[in-house]
file query.txt (compact mmCIF, C-alpha atoms and all ligand atoms)
# COMPACT_ATOMS: atom_id res chain seq x y z
CA MET A 1 0.00 0.00 0.00
CA SER A 2 1.31 3.44 -0.92
CA THR A 3 2.23 5.59 2.05
CA THR A 4 2.09 8.80 0.05
CA THR A 5 -1.55 8.84 -1.09
CA PRO A 6 -3.48 10.85 1.52
CA LEU A 7 -6.51 9.26 3.15
CA ALA A 8 -9.84 10.72 2.06
CA PRO A 9 -11.78 12.45 4.84
CA GLY A 10 -15.02 10.87 5.98
CA LEU A 11 -15.38 8.80 9.13
CA ASP A 12 -13.25 5.78 10.01
CA HIS A 13 -13.12 5.97 13.82
CA LEU A 14 -15.34 8.12 16.02
CA GLY A 15 -12.37 8.82 18.30
CA ASN A 16 -10.75 10.78 15.46
CA LEU A 17 -13.44 13.47 15.89
CA PRO A 18 -13.29 16.00 18.72
CA ALA A 19 -15.80 15.28 21.48
CA ALA A 20 -17.55 18.61 20.80
CA GLU A 21 -18.15 17.57 17.17
CA ILE A 22 -19.52 14.18 18.26
CA GLN A 23 -21.82 15.94 20.72
CA ARG A 24 -22.99 18.28 17.94
CA LEU A 25 -23.82 15.25 15.74
CA ALA A 26 -25.56 13.45 18.63
CA ASP A 27 -27.60 16.59 19.40
CA ARG A 28 -28.55 16.86 15.74
CA ALA A 29 -29.50 13.14 15.73
CA ASN A 30 -31.81 13.71 18.68
CA ALA A 31 -33.32 16.78 16.99
CA LEU A 32 -33.96 14.71 13.84
CA ARG A 33 -35.50 11.97 16.02
CA THR A 34 -38.03 14.44 17.37
CA GLY A 35 -38.96 15.99 14.06
CA ALA A 36 -36.38 18.52 12.82
CA ALA A 37 -36.32 18.71 9.03
CA PRO A 38 -33.22 17.29 7.34
CA GLN A 39 -31.36 19.37 4.75
CA ARG A 40 -31.76 18.35 1.11
CA PHE A 41 -28.84 17.67 -1.23
CA ALA A 42 -30.32 17.46 -4.72
CA GLY A 43 -27.94 16.10 -7.32
CA LYS A 44 -25.60 14.45 -4.77
CA ALA A 45 -25.04 10.70 -4.68
CA LEU A 46 -24.10 8.23 -1.94
CA GLY A 47 -22.51 4.85 -2.69
CA LEU A 48 -23.17 1.95 -0.30
CA PHE A 49 -20.84 -1.02 -0.68
CA PHE A 50 -21.39 -4.06 1.56
CA LEU A 51 -18.80 -6.82 1.52
CA ASN A 52 -20.53 -8.38 4.57
CA PRO A 53 -24.22 -8.83 5.52
CA SER A 54 -26.27 -6.13 7.23
CA LEU A 55 -29.83 -5.36 8.27
CA ARG A 56 -29.68 -2.11 10.30
CA THR A 57 -26.77 -0.39 8.59
CA SER A 58 -28.08 -1.08 5.11
CA ALA A 59 -31.69 -0.11 5.82
CA SER A 60 -30.84 2.97 7.90
CA PHE A 61 -28.36 4.37 5.36
CA GLN A 62 -30.92 3.88 2.56
CA ARG A 63 -33.56 5.70 4.58
CA ALA A 64 -31.16 8.45 5.64
CA ALA A 65 -30.19 9.00 2.01
CA ALA A 66 -33.85 9.28 1.02
CA ARG A 67 -34.50 11.84 3.79
CA LEU A 68 -31.64 13.96 2.45
CA GLY A 69 -32.69 13.71 -1.21
CA LEU A 70 -29.57 11.73 -2.16
CA GLU A 71 -29.30 9.34 -5.07
CA LEU A 72 -28.08 5.88 -4.04
CA VAL A 73 -25.65 3.51 -5.73
CA GLN A 74 -25.76 0.15 -3.94
CA LEU A 75 -23.36 -2.76 -4.35
CA ARG A 76 -22.78 -6.06 -2.57
CA GLY A 77 -19.56 -8.00 -2.43
CA ASP A 78 -21.11 -11.03 -4.15
CA GLY A 79 -22.23 -8.83 -7.04
CA VAL A 80 -18.81 -7.47 -8.03
CA TRP A 81 -15.51 -8.93 -9.22
CA GLY A 82 -13.29 -10.43 -6.52
CA LEU A 83 -11.30 -7.54 -5.05
CA GLU A 84 -7.55 -7.53 -4.39
CA HIS A 85 -6.07 -5.18 -1.81
CA GLN A 86 -2.41 -6.21 -1.59
CA ASP A 87 0.23 -4.41 -3.56
CA GLY A 88 2.58 -6.16 -5.97
CA VAL A 89 0.39 -9.27 -6.28
CA VAL A 90 0.36 -11.34 -9.47
CA MET A 91 -3.41 -11.48 -9.85
CA ASP A 92 -3.71 -14.95 -11.39
CA GLY A 93 -5.92 -16.33 -8.59
CA THR A 94 -9.48 -15.56 -7.47
CA THR A 95 -9.26 -11.77 -7.34
CA ALA A 96 -10.06 -10.03 -10.64
CA GLU A 97 -9.96 -6.34 -9.77
CA HIS A 98 -7.65 -4.29 -7.57
CA LEU A 99 -8.91 -1.72 -5.08
CA ARG A 100 -6.56 0.75 -6.79
CA GLU A 101 -9.04 0.77 -9.71
CA ALA A 102 -12.31 -0.22 -7.99
CA ALA A 103 -12.20 2.49 -5.31
CA PRO A 104 -11.50 5.48 -7.58
CA VAL A 105 -14.01 4.22 -10.18
CA LEU A 106 -16.74 4.27 -7.52
CA GLY A 107 -15.41 7.61 -6.30
CA ARG A 108 -16.05 9.07 -9.77
CA TYR A 109 -19.74 8.08 -9.59
CA VAL A 110 -20.64 9.36 -6.12
CA ASP A 111 -19.95 12.24 -3.74
CA LEU A 112 -19.64 10.03 -0.65
CA LEU A 113 -18.83 6.35 -0.35
CA ALA A 114 -19.80 4.14 2.61
CA VAL A 115 -18.14 0.72 2.94
CA ARG A 116 -18.62 -2.34 5.16
CA ALA A 117 -15.64 -4.69 5.07
CA PHE A 118 -14.68 -6.81 8.08
CA HIS A 119 -11.82 -8.58 6.26
CA GLY A 120 -12.04 -11.63 8.54
CA ALA A 121 -9.16 -13.54 6.93
CA GLY A 122 -5.59 -13.67 8.19
CA SER A 123 -3.94 -13.10 11.55
CA PHE A 124 -5.36 -10.82 14.22
CA GLU A 125 -2.70 -8.27 13.31
CA GLU A 126 -3.60 -8.39 9.60
CA CYS A 127 -7.29 -7.87 10.42
CA ARG A 128 -6.39 -4.97 12.71
CA GLN A 129 -4.71 -3.23 9.77
CA ASP A 130 -8.13 -3.02 8.06
CA PRO A 131 -6.56 -3.29 4.59
CA ILE A 132 -9.78 -3.11 2.56
CA MET A 133 -11.23 -0.14 4.45
CA GLN A 134 -7.91 1.68 4.37
CA GLY A 135 -7.59 0.94 0.64
CA PHE A 136 -10.96 2.55 -0.03
CA ARG A 137 -10.04 5.54 2.13
CA ARG A 138 -6.73 5.91 0.31
CA TRP A 139 -7.89 5.50 -3.27
CA ALA A 140 -11.58 6.47 -3.51
CA GLY A 141 -10.90 10.19 -3.92
CA VAL A 142 -14.15 11.04 -2.06
CA PRO A 143 -14.99 10.92 1.66
CA VAL A 144 -15.41 7.34 2.89
CA ILE A 145 -17.64 6.33 5.81
CA ASN A 146 -16.72 3.14 7.63
CA MET A 147 -19.96 1.10 7.97
CA GLU A 148 -18.00 -1.46 10.05
CA SER A 149 -14.55 -2.77 9.46
CA ALA A 150 -12.49 -5.32 11.38
CA ARG A 151 -11.43 -2.54 13.73
CA TRP A 152 -14.14 0.11 14.13
CA HIS A 153 -17.90 0.65 13.83
CA PRO A 154 -18.13 4.45 14.17
CA CYS A 155 -21.75 4.82 13.03
CA GLN A 156 -22.89 2.40 15.74
CA ALA A 157 -20.84 4.31 18.32
CA LEU A 158 -22.32 7.65 17.23
CA ALA A 159 -25.85 6.22 17.46
CA ASP A 160 -25.04 4.79 20.90
CA TRP A 161 -23.76 8.18 22.15
CA ALA A 162 -27.03 9.78 20.96
CA THR A 163 -29.04 6.98 22.64
CA LEU A 164 -27.27 7.55 25.96
CA ASP A 165 -28.22 11.24 25.63
CA GLN A 166 -31.81 10.33 24.72
CA HIS A 167 -32.09 8.35 27.98
CA ALA A 168 -30.40 11.12 29.98
CA ILE A 169 -27.63 8.81 31.16
CA PRO A 170 -25.14 11.26 32.72
CA LYS A 171 -21.64 11.73 31.39
CA ARG A 172 -20.07 10.59 34.68
CA ALA A 173 -22.24 7.48 35.06
CA LYS A 174 -20.78 3.98 35.19
CA PHE A 175 -20.81 2.28 31.79
CA VAL A 176 -20.03 -1.45 31.65
CA LEU A 177 -19.01 -3.12 28.41
CA SER A 178 -19.30 -6.85 29.05
CA TRP A 179 -18.16 -9.77 26.97
CA ALA A 180 -20.93 -12.35 26.38
CA TRP A 181 -20.81 -15.93 25.18
CA HIS A 182 -21.56 -16.63 21.51
CA PRO A 183 -20.94 -19.75 19.42
CA LYS A 184 -18.63 -17.88 17.04
CA PRO A 185 -15.60 -15.65 17.61
CA LEU A 186 -16.80 -12.25 16.38
CA PRO A 187 -14.79 -9.20 15.22
CA HIS A 188 -13.62 -6.51 17.66
CA ALA A 189 -15.09 -3.52 15.80
CA VAL A 190 -18.13 -2.93 18.03
CA PRO A 191 -16.41 -3.45 21.40
CA ASN A 192 -13.45 -1.29 20.31
CA SER A 193 -15.73 1.54 19.21
CA THR A 194 -18.05 1.17 22.22
CA LEU A 195 -15.19 1.35 24.70
CA CYS A 196 -13.69 4.45 23.07
CA MET A 197 -17.11 6.12 22.67
CA ALA A 198 -18.00 5.77 26.34
CA ALA A 199 -14.52 6.92 27.37
CA GLN A 200 -14.71 9.97 25.10
CA ARG A 201 -18.16 10.75 26.48
CA GLY A 202 -16.39 11.11 29.86
CA MET A 203 -17.99 8.07 31.51
CA ASP A 204 -16.59 5.75 34.17
CA VAL A 205 -16.03 2.86 31.83
CA VAL A 206 -15.58 -0.74 32.95
CA LEU A 207 -14.49 -3.49 30.57
CA LEU A 208 -15.77 -6.78 32.04
CA CYS A 209 -14.56 -10.00 30.43
CA PRO A 210 -13.19 -13.44 31.25
CA PRO A 211 -9.37 -13.69 31.40
CA GLY A 212 -7.93 -13.93 27.89
CA LEU A 213 -10.71 -11.88 26.28
CA GLU A 214 -9.33 -8.41 26.88
CA LEU A 215 -9.37 -6.03 23.92
CA HIS A 216 -6.14 -5.10 22.15
CA ASP A 217 -3.64 -3.10 24.23
CA GLU A 218 -3.68 -0.22 21.74
CA VAL A 219 -7.46 0.14 22.06
CA LEU A 220 -7.26 -0.02 25.86
CA ALA A 221 -4.56 2.67 25.82
CA GLU A 222 -6.64 4.89 23.54
CA ALA A 223 -9.74 4.44 25.69
CA GLU A 224 -7.75 5.25 28.82
CA GLN A 225 -6.37 8.40 27.19
CA LEU A 226 -9.84 9.46 26.05
CA ALA A 227 -11.32 8.83 29.49
CA THR A 228 -8.57 10.81 31.20
CA THR A 229 -8.93 13.71 28.76
CA HIS A 230 -12.70 13.86 29.16
CA GLY A 231 -12.97 13.44 32.93
CA GLY A 232 -13.86 9.76 33.11
CA SER A 233 -11.98 6.56 33.89
CA LEU A 234 -11.26 3.09 32.50
CA THR A 235 -11.14 -0.13 34.56
CA VAL A 236 -10.57 -3.63 33.20
CA THR A 237 -11.87 -6.42 35.42
CA HIS A 238 -12.87 -10.09 35.41
CA ASP A 239 -15.00 -9.63 38.54
CA ARG A 240 -18.64 -9.51 37.49
CA GLU A 241 -20.10 -8.42 40.82
CA GLU A 242 -17.65 -5.55 41.22
CA ALA A 243 -18.13 -4.46 37.61
CA LEU A 244 -21.93 -4.42 37.64
CA HIS A 245 -22.34 -2.70 41.01
CA GLY A 246 -23.83 0.76 40.40
CA ALA A 247 -23.85 0.48 36.61
CA ALA A 248 -26.08 2.90 34.71
CA ALA A 249 -25.67 0.99 31.43
CA VAL A 250 -24.57 -2.56 30.64
CA TYR A 251 -23.55 -3.03 27.01
CA ALA A 252 -23.18 -6.71 26.09
CA LYS A 253 -21.11 -7.88 23.15
CA SER A 254 -19.18 -10.97 22.17
CA TRP A 255 -15.80 -11.00 20.48
CA GLY A 256 -13.04 -13.46 19.67
CA SER A 257 -9.89 -14.01 21.70
CA GLN A 258 -6.67 -12.66 20.24
CA GLN A 259 -4.76 -15.75 21.35
CA HIS A 260 -7.00 -18.22 19.47
CA TRP A 261 -7.66 -15.98 16.45
CA GLY A 262 -8.20 -17.98 13.25
CA ASP A 263 -8.25 -21.36 15.04
CA LEU A 264 -11.93 -22.20 15.49
CA GLU A 265 -11.28 -25.50 17.27
CA SER A 266 -9.12 -24.01 20.01
CA GLU A 267 -11.36 -20.93 20.32
CA THR A 268 -14.44 -23.17 20.75
CA ALA A 269 -12.69 -25.24 23.42
CA PHE A 270 -11.45 -22.07 25.16
CA ARG A 271 -14.94 -20.56 25.46
CA ALA A 272 -16.79 -23.82 26.24
CA ALA A 273 -16.78 -23.08 29.97
CA LEU A 274 -18.04 -19.51 29.51
CA ARG A 275 -21.70 -20.11 28.62
CA ASP A 276 -22.88 -18.43 31.80
CA TRP A 277 -21.77 -15.11 30.29
CA CYS A 278 -25.38 -14.48 29.24
CA VAL A 279 -26.97 -11.29 30.59
CA THR A 280 -29.98 -11.93 32.85
CA PRO A 281 -32.08 -9.39 34.76
CA ALA A 282 -29.89 -9.96 37.84
CA TRP A 283 -26.97 -8.35 35.96
CA LEU A 284 -28.94 -5.12 35.57
CA GLY A 285 -30.36 -4.65 39.05
CA ASP A 286 -33.24 -2.18 39.27
CA SER A 287 -31.93 0.62 37.12
CA ALA A 288 -29.14 -0.26 34.64
CA ARG A 289 -30.11 0.09 31.01
CA PHE A 290 -29.31 -2.82 28.71
CA MET A 291 -27.56 -2.04 25.43
CA HIS A 292 -26.51 -4.13 22.43
CA CYS A 293 -25.80 -3.19 18.82
CA LEU A 294 -27.95 -6.06 17.37
CA PRO A 295 -28.24 -8.59 15.90
CA ILE A 296 -28.39 -10.52 19.18
CA ARG A 297 -28.85 -14.23 19.87
CA ARG A 298 -31.64 -14.54 22.43
CA ASN A 299 -30.88 -16.65 25.51
CA VAL A 300 -27.26 -16.85 24.39
CA VAL A 301 -25.98 -13.27 24.73
CA ALA A 302 -28.95 -12.02 26.81
CA SER A 303 -32.11 -13.63 28.10
CA ASP A 304 -35.62 -13.02 26.78
CA ALA A 305 -36.42 -11.33 30.09
CA VAL A 306 -33.67 -8.75 29.50
CA LEU A 307 -34.54 -8.07 25.87
CA ASP A 308 -38.28 -7.87 26.49
CA GLY A 309 -37.93 -6.02 29.79
CA PRO A 310 -38.30 -2.31 30.48
CA GLN A 311 -34.55 -1.70 30.95
CA SER A 312 -33.61 -2.67 27.39
CA ILE A 313 -32.91 0.23 25.02
CA VAL A 314 -31.64 -1.84 22.10
CA LEU A 315 -34.43 -0.71 19.75
CA ASP A 316 -33.66 2.94 20.52
CA GLN A 317 -30.02 2.25 19.64
CA ALA A 318 -31.11 0.72 16.33
CA GLU A 319 -33.47 3.64 15.62
CA HIS A 320 -30.67 6.09 16.30
CA ARG A 321 -28.64 4.53 13.49
CA LEU A 322 -31.05 6.34 11.14
CA HIS A 323 -30.89 9.70 12.91
CA ALA A 324 -27.15 9.61 13.63
CA GLN A 325 -26.29 8.72 10.04
CA THR A 326 -28.65 11.39 8.71
CA ALA A 327 -26.77 13.89 10.90
CA LEU A 328 -23.40 12.52 9.74
CA LEU A 329 -24.30 12.67 6.04
CA GLU A 330 -25.63 16.22 6.43
CA SER A 331 -22.39 17.23 8.07
CA LEU A 332 -20.11 15.59 5.48
CA LEU A 333 -22.09 17.04 2.56
CA SER A 334 -22.50 20.55 3.93
N1 LIG B 1 -25.51 -3.13 14.38
C1 LIG B 1 -25.35 -3.33 13.06
O1 LIG B 1 -24.40 -2.82 12.47
O2 LIG B 1 -26.30 -4.12 12.49
P1 LIG B 1 -26.22 -4.74 11.01
O3 LIG B 1 -25.04 -5.68 11.01
O4 LIG B 1 -27.52 -5.44 10.79
O5 LIG B 1 -25.99 -3.62 10.05

call {"tool": "encode", "arguments": {"input": "query.txt", "output": "structure tokens", "more": "lines below"}}
Ligand code: CP
result
Amino acid sequence: MSTTTPLAPGLDHLGNLPAAEIQRLADRANALRTGAAPQRFAGKALGLFFLNPSLRTSASFQRAAARLGLELVQLRGDGVWGLEHQDGVVMDGTTAEHLREAAPVLGRYVDLLAVRAFHGAGSFEECRQDPIMQGFRRWAGVPVINMESARWHPCQALADWATLDQHAIPKRAKFVLSWAWHPKPLPHAVPNSTLCMAAQRGMDVVLLCPPGLELHDEVLAEAEQLATTHGGSLTVTHDREEALHGAAAVYAKSWGSQQHWGDLESETAFRAALRDWCVTPAWLGDSARFMHCLPIRRNVVASDAVLDGPQSIVLDQAEHRLHAQTALLESLLS
């Protein structure tokens, strides 16, 4: 990958924005939720490119584009030529088109490009480099919005910030991000973005997980820095009782272990004893709100009683994807 081509602006990681700008977008999202009229951008076009499945992100971006009067160009990974992202490759295998052409071609058709690309293959370190997302950002020539990569999910984090505001959860409240059991090792994008979002919001953030399921050191360091800068704190613990005591919000999410990355057999054996990491009403006490980005496996990640109970705000989080992305698109196009 060239180191000289500048990255296009857009949004890759929420933590790259100043907290005041995130707050402005969250305020705008809440205004749009309660009826403010969106701006209109006649003649502008948004490209949506999904290399992985989606329900919320796809539907909410389509609806946000319609609210703003944008034309849409939609593509799925299984509808395009196999894409190559590595430099210097002899392309005589399965990939038929390089990102160096695909990204700028799309960039010539649209004013903004939004991409979902987890890039699940390879070592943990290779995934962390986010080569497909970074290739689009480098070569598209237009602003690129990350709709979830292997590393970050900034649109989810922005919607979650706005949802915390909607429910008047104070900045200095205790926010617990807890690992939950799941049959598959999932990417780190959501937990990475959630941890940094809560830290940048100035909350007292607790990462609760079994030993061996901590997030990457670099993400922990960034979250700690953000928390310190914004008046909050970061604690990493394996002690469930201590973590949940006094929590205002419990955000459940599953993710894969770094140590077993890419080895499904050893990962499955490693997490076999962790099935009790399923959120029940007892985790929430009388007042903690329950959060999850969805999709969620019922009675695996959280019980029916949690999801159907009055403390769950998962549908508000999902609704805020629409308002937060409308606010983000307005801002990037203005
Ligand atoms: N939370 C989220 O990004 O949902 P989808 O994968 O359905 O888009």

call {"tool": "residues_near_ligand", "arguments": {"input": "query.txt", "ligand": "ligand LIG 1 (chain B)", "cutoff": "8 Å", "atoms": "all atoms listed in the file", "output": "ChimeraX atom specification"}}
result
/A:53-59,147-148,153,156,293-295,318

call {"tool": "closest_residue", "arguments": {"input": "query.txt", "among": "A:Arg67, A:His230, A:Lys171, A:His13", "to": "Leu32 (chain A)", "atoms": "all atoms listed in the file"}}
result
A:Arg67

call {"tool": "atom_distance", "arguments": {"input": "query.txt", "atom1": "CA of Asp276 (chain A)", "atom2": "CA of Ala199 (chain A)"}}
result
27.1 Å

call {"tool": "closest_residue", "arguments": {"input": "query.txt", "among": "A:Ala269, A:Leu322, A:Ala29, A:Leu332", "to": "Gln62 (chain A)", "atoms": "all atoms listed in the file"}}
result
A:Leu322

call {"tool": "closest_atom_pairs", "arguments": {"input": "query.txt", "of": "region 146-249 of chain A", "to": "region 255-265 of chain A", "cutoff": "12 Å", "atoms": "only C-alpha atoms", "output": "CSV"}}
result
residue,atom,partner,partner_atom,distance
A:Ala150,CA,A:Trp255,CA,11.2
A:Arg151,CA,A:Trp255,CA,11.7
A:Leu177,CA,A:Trp255,CA,11.6
A:Ser178,CA,A:Trp255,CA,10.1
A:Trp179,CA,A:Trp255,CA,7.0
A:Ala180,CA,A:Trp255,CA,7.9
A:Trp181,CA,A:Trp255,CA,8.5
A:His182,CA,A:Trp255,CA,8.1
A:Pro183,CA,A:Gly256,CA,10.1
A:Lys184,CA,A:Gly256,CA,7.6
A:Pro185,CA,A:Gly256,CA,3.9
A:Leu186,CA,A:Trp255,CA,4.4
A:Pro187,CA,A:Trp255,CA,5.7
A:His188,CA,A:Trp255,CA,5.7
A:Ala189,CA,A:Trp255,CA,8.9
A:Val190,CA,A:Trp255,CA,8.7
A:Pro191,CA,A:Trp255,CA,7.6
A:Asn192,CA,A:Trp255,CA,10.0
A:Cys209,CA,A:Trp255,CA,10.1
A:Pro210,CA,A:Ser257,CA,10.1
A:Pro211,CA,A:Ser257,CA,9.7
A:Gly212,CA,A:Ser257,CA,6.5
A:Leu213,CA,A:Ser257,CA,5.1
A:Glu214,CA,A:Ser257,CA,7.6
A:Leu215,CA,A:Gln258,CA,8.0
A:His216,CA,A:Gln258,CA,7.8
A:Asp217,CA,A:Gln258,CA,10.8

call {"tool": "axis_aligned_box", "arguments": {"input": "query.txt", "around": "region 185-195 of chain A", "padding_each_side": "8 Å", "output": "lines of an AutoDock Vina configuration file"}}
result
center_x = -15.8
center_y = -7.1
center_z = 20.0
size_x = 20.7
size_y = 33.2
size_z = 25.5

call {"tool": "closest_residue", "arguments": {"input": "query.txt", "among": "A:Phe61, A:Trp277, A:Phe175, A:Phe270", "to": "Val236 (chain A)", "atoms": "only C-alpha atoms"}}
result
A:Phe175

call {"tool": "closest_residue", "arguments": {"input": "query.txt", "among": "A:Arg76, A:Glu218, A:Gly232, A:Ala288", "to": "Ala249 (chain A)", "atoms": "only C-alpha atoms"}}
result
A:Ala288

call {"tool": "residues_around", "arguments": {"input": "query.txt", "residues": "Gly107 (chain A)", "least_positions_apart": "2", "cutoff": "12 Å", "atoms": "all atoms listed in the file", "output": "short mmCIF file (atom, residue, chain, number, x, y, z; two decimals) with C-alpha atoms, keeping the file's coordinate frame"}}
result
data_model
loop_
_atom_site.label_atom_id
_atom_site.label_comp_id
_atom_site.auth_asym_id
_atom_site.auth_seq_id
_atom_site.Cartn_x
_atom_site.Cartn_y
_atom_site.Cartn_z
CA ALA A 8 -9.84 10.72 2.06
CA ALA A 45 -25.04 10.70 -4.68
CA LEU A 46 -24.10 8.23 -1.94
CA GLY A 47 -22.51 4.85 -2.69
CA LEU A 48 -23.17 1.95 -0.30
CA PHE A 49 -20.84 -1.02 -0.68
CA VAL A 73 -25.65 3.51 -5.73
CA LEU A 99 -8.91 -1.72 -5.08
CA ARG A 100 -6.56 0.75 -6.79
CA GLU A 101 -9.04 0.77 -9.71
CA ALA A 102 -12.31 -0.22 -7.99
CA ALA A 103 -12.20 2.49 -5.31
CA PRO A 104 -11.50 5.48 -7.58
CA VAL A 105 -14.01 4.22 -10.18
CA TYR A 109 -19.74 8.08 -9.59
CA VAL A 110 -20.64 9.36 -6.12
CA ASP A 111 -19.95 12.24 -3.74
CA LEU A 112 -19.64 10.03 -0.65
CA LEU A 113 -18.83 6.35 -0.35
CA ALA A 114 -19.80 4.14 2.61
CA VAL A 115 -18.14 0.72 2.94
CA PHE A 136 -10.96 2.55 -0.03
CA ARG A 137 -10.04 5.54 2.13
CA ARG A 138 -6.73 5.91 0.31
CA TRP A 139 -7.89 5.50 -3.27
CA ALA A 140 -11.58 6.47 -3.51
CA GLY A 141 -10.90 10.19 -3.92
CA VAL A 142 -14.15 11.04 -2.06
CA PRO A 143 -14.99 10.92 1.66
CA VAL A 144 -15.41 7.34 2.89
#

call {"tool": "atom_distance", "arguments": {"input": "query.txt", "atom1": "CA of Trp81 (chain A)", "atom2": "CA of Pro131 (chain A)"}}
result
17.4 Å

call {"tool": "closest_residue", "arguments": {"input": "query.txt", "among": "A:Gln325, A:Gln39, A:Leu51, A:Asp87", "to": "Gly69 (chain A)", "atoms": "only C-alpha atoms"}}
result
A:Gln39

call {"tool": "residues_around", "arguments": {"input": "query.txt", "residues": "Ala64 (chain A)", "least_positions_apart": "6", "cutoff": "10 Å", "atoms": "all atoms listed in the file", "output": "ChimeraX atom specification"}}
result
/A:38,70,321-330

call {"tool": "decode", "arguments": {"input": "query.txt", "residues": "region 206-212 of chain A", "atoms": "all heavy atoms", "output": "PDB file, in the first residue's frame"}}
result
ATOM      1  N   VAL A 206     -16.116   0.527  32.447  1.00  0.00           N
ATOM      2  CA  VAL A 206     -15.576  -0.744  32.947  1.00  0.00           C
ATOM      3  C   VAL A 206     -15.641  -1.759  31.817  1.00  0.00           C
ATOM      4  O   VAL A 206     -16.721  -1.968  31.237  1.00  0.00           O
ATOM      5  CB  VAL A 206     -16.401  -1.254  34.157  1.00  0.00           C
ATOM      6  CG1 VAL A 206     -15.854  -2.603  34.624  1.00  0.00           C
ATOM      7  CG2 VAL A 206     -16.362  -0.242  35.296  1.00  0.00           C
ATOM      8  N   LEU A 207     -14.513  -2.372  31.512  1.00  0.00           N
ATOM      9  CA  LEU A 207     -14.493  -3.494  30.569  1.00  0.00           C
ATOM     10  C   LEU A 207     -14.510  -4.769  31.397  1.00  0.00           C
ATOM     11  O   LEU A 207     -13.558  -5.042  32.141  1.00  0.00           O
ATOM     12  CB  LEU A 207     -13.245  -3.435  29.683  1.00  0.00           C
ATOM     13  CG  LEU A 207     -13.053  -4.640  28.749  1.00  0.00           C
ATOM     14  CD1 LEU A 207     -14.210  -4.769  27.758  1.00  0.00           C
ATOM     15  CD2 LEU A 207     -11.733  -4.558  28.005  1.00  0.00           C
ATOM     16  N   LEU A 208     -15.591  -5.530  31.280  1.00  0.00           N
ATOM     17  CA  LEU A 208     -15.771  -6.778  32.035  1.00  0.00           C
ATOM     18  C   LEU A 208     -15.656  -7.940  31.059  1.00  0.00           C
ATOM     19  O   LEU A 208     -16.411  -8.001  30.076  1.00  0.00           O
ATOM     20  CB  LEU A 208     -17.158  -6.762  32.697  1.00  0.00           C
ATOM     21  CG  LEU A 208     -17.656  -8.085  33.295  1.00  0.00           C
ATOM     22  CD1 LEU A 208     -16.754  -8.515  34.466  1.00  0.00           C
ATOM     23  CD2 LEU A 208     -19.110  -7.952  33.749  1.00  0.00           C
ATOM     24  N   CYS A 209     -14.740  -8.850  31.333  1.00  0.00           N
ATOM     25  CA  CYS A 209     -14.558  -9.998  30.430  1.00  0.00           C
ATOM     26  C   CYS A 209     -13.859 -11.123  31.170  1.00  0.00           C
ATOM     27  O   CYS A 209     -13.177 -10.887  32.171  1.00  0.00           O
ATOM     28  CB  CYS A 209     -13.742  -9.597  29.200  1.00  0.00           C
ATOM     29  SG  CYS A 209     -12.085  -9.010  29.598  1.00  0.00           S
ATOM     30  N   PRO A 210     -13.982 -12.359  30.677  1.00  0.00           N
ATOM     31  CA  PRO A 210     -13.189 -13.443  31.245  1.00  0.00           C
ATOM     32  C   PRO A 210     -11.703 -13.231  30.916  1.00  0.00           C
ATOM     33  O   PRO A 210     -11.388 -12.576  29.903  1.00  0.00           O
ATOM     34  CB  PRO A 210     -13.723 -14.690  30.535  1.00  0.00           C
ATOM     35  CG  PRO A 210     -15.006 -14.281  29.889  1.00  0.00           C
ATOM     36  CD  PRO A 210     -14.876 -12.819  29.599  1.00  0.00           C
ATOM     37  N   PRO A 211     -10.801 -13.802  31.724  1.00  0.00           N
ATOM     38  CA  PRO A 211      -9.367 -13.689  31.401  1.00  0.00           C
ATOM     39  C   PRO A 211      -9.097 -14.218  29.994  1.00  0.00           C
ATOM     40  O   PRO A 211      -9.651 -15.244  29.594  1.00  0.00           O
ATOM     41  CB  PRO A 211      -8.703 -14.570  32.466  1.00  0.00           C
ATOM     42  CG  PRO A 211      -9.685 -14.624  33.598  1.00  0.00           C
ATOM     43  CD  PRO A 211     -11.045 -14.547  32.974  1.00  0.00           C
ATOM     44  N   GLY A 212      -8.281 -13.515  29.247  1.00  0.00           N
ATOM     45  CA  GLY A 212      -7.935 -13.934  27.886  1.00  0.00           C
ATOM     46  C   GLY A 212      -8.824 -13.292  26.829  1.00  0.00           C
ATOM     47  O   GLY A 212      -8.614 -13.505  25.638  1.00  0.00           O
TER      48      GLY A 212
END
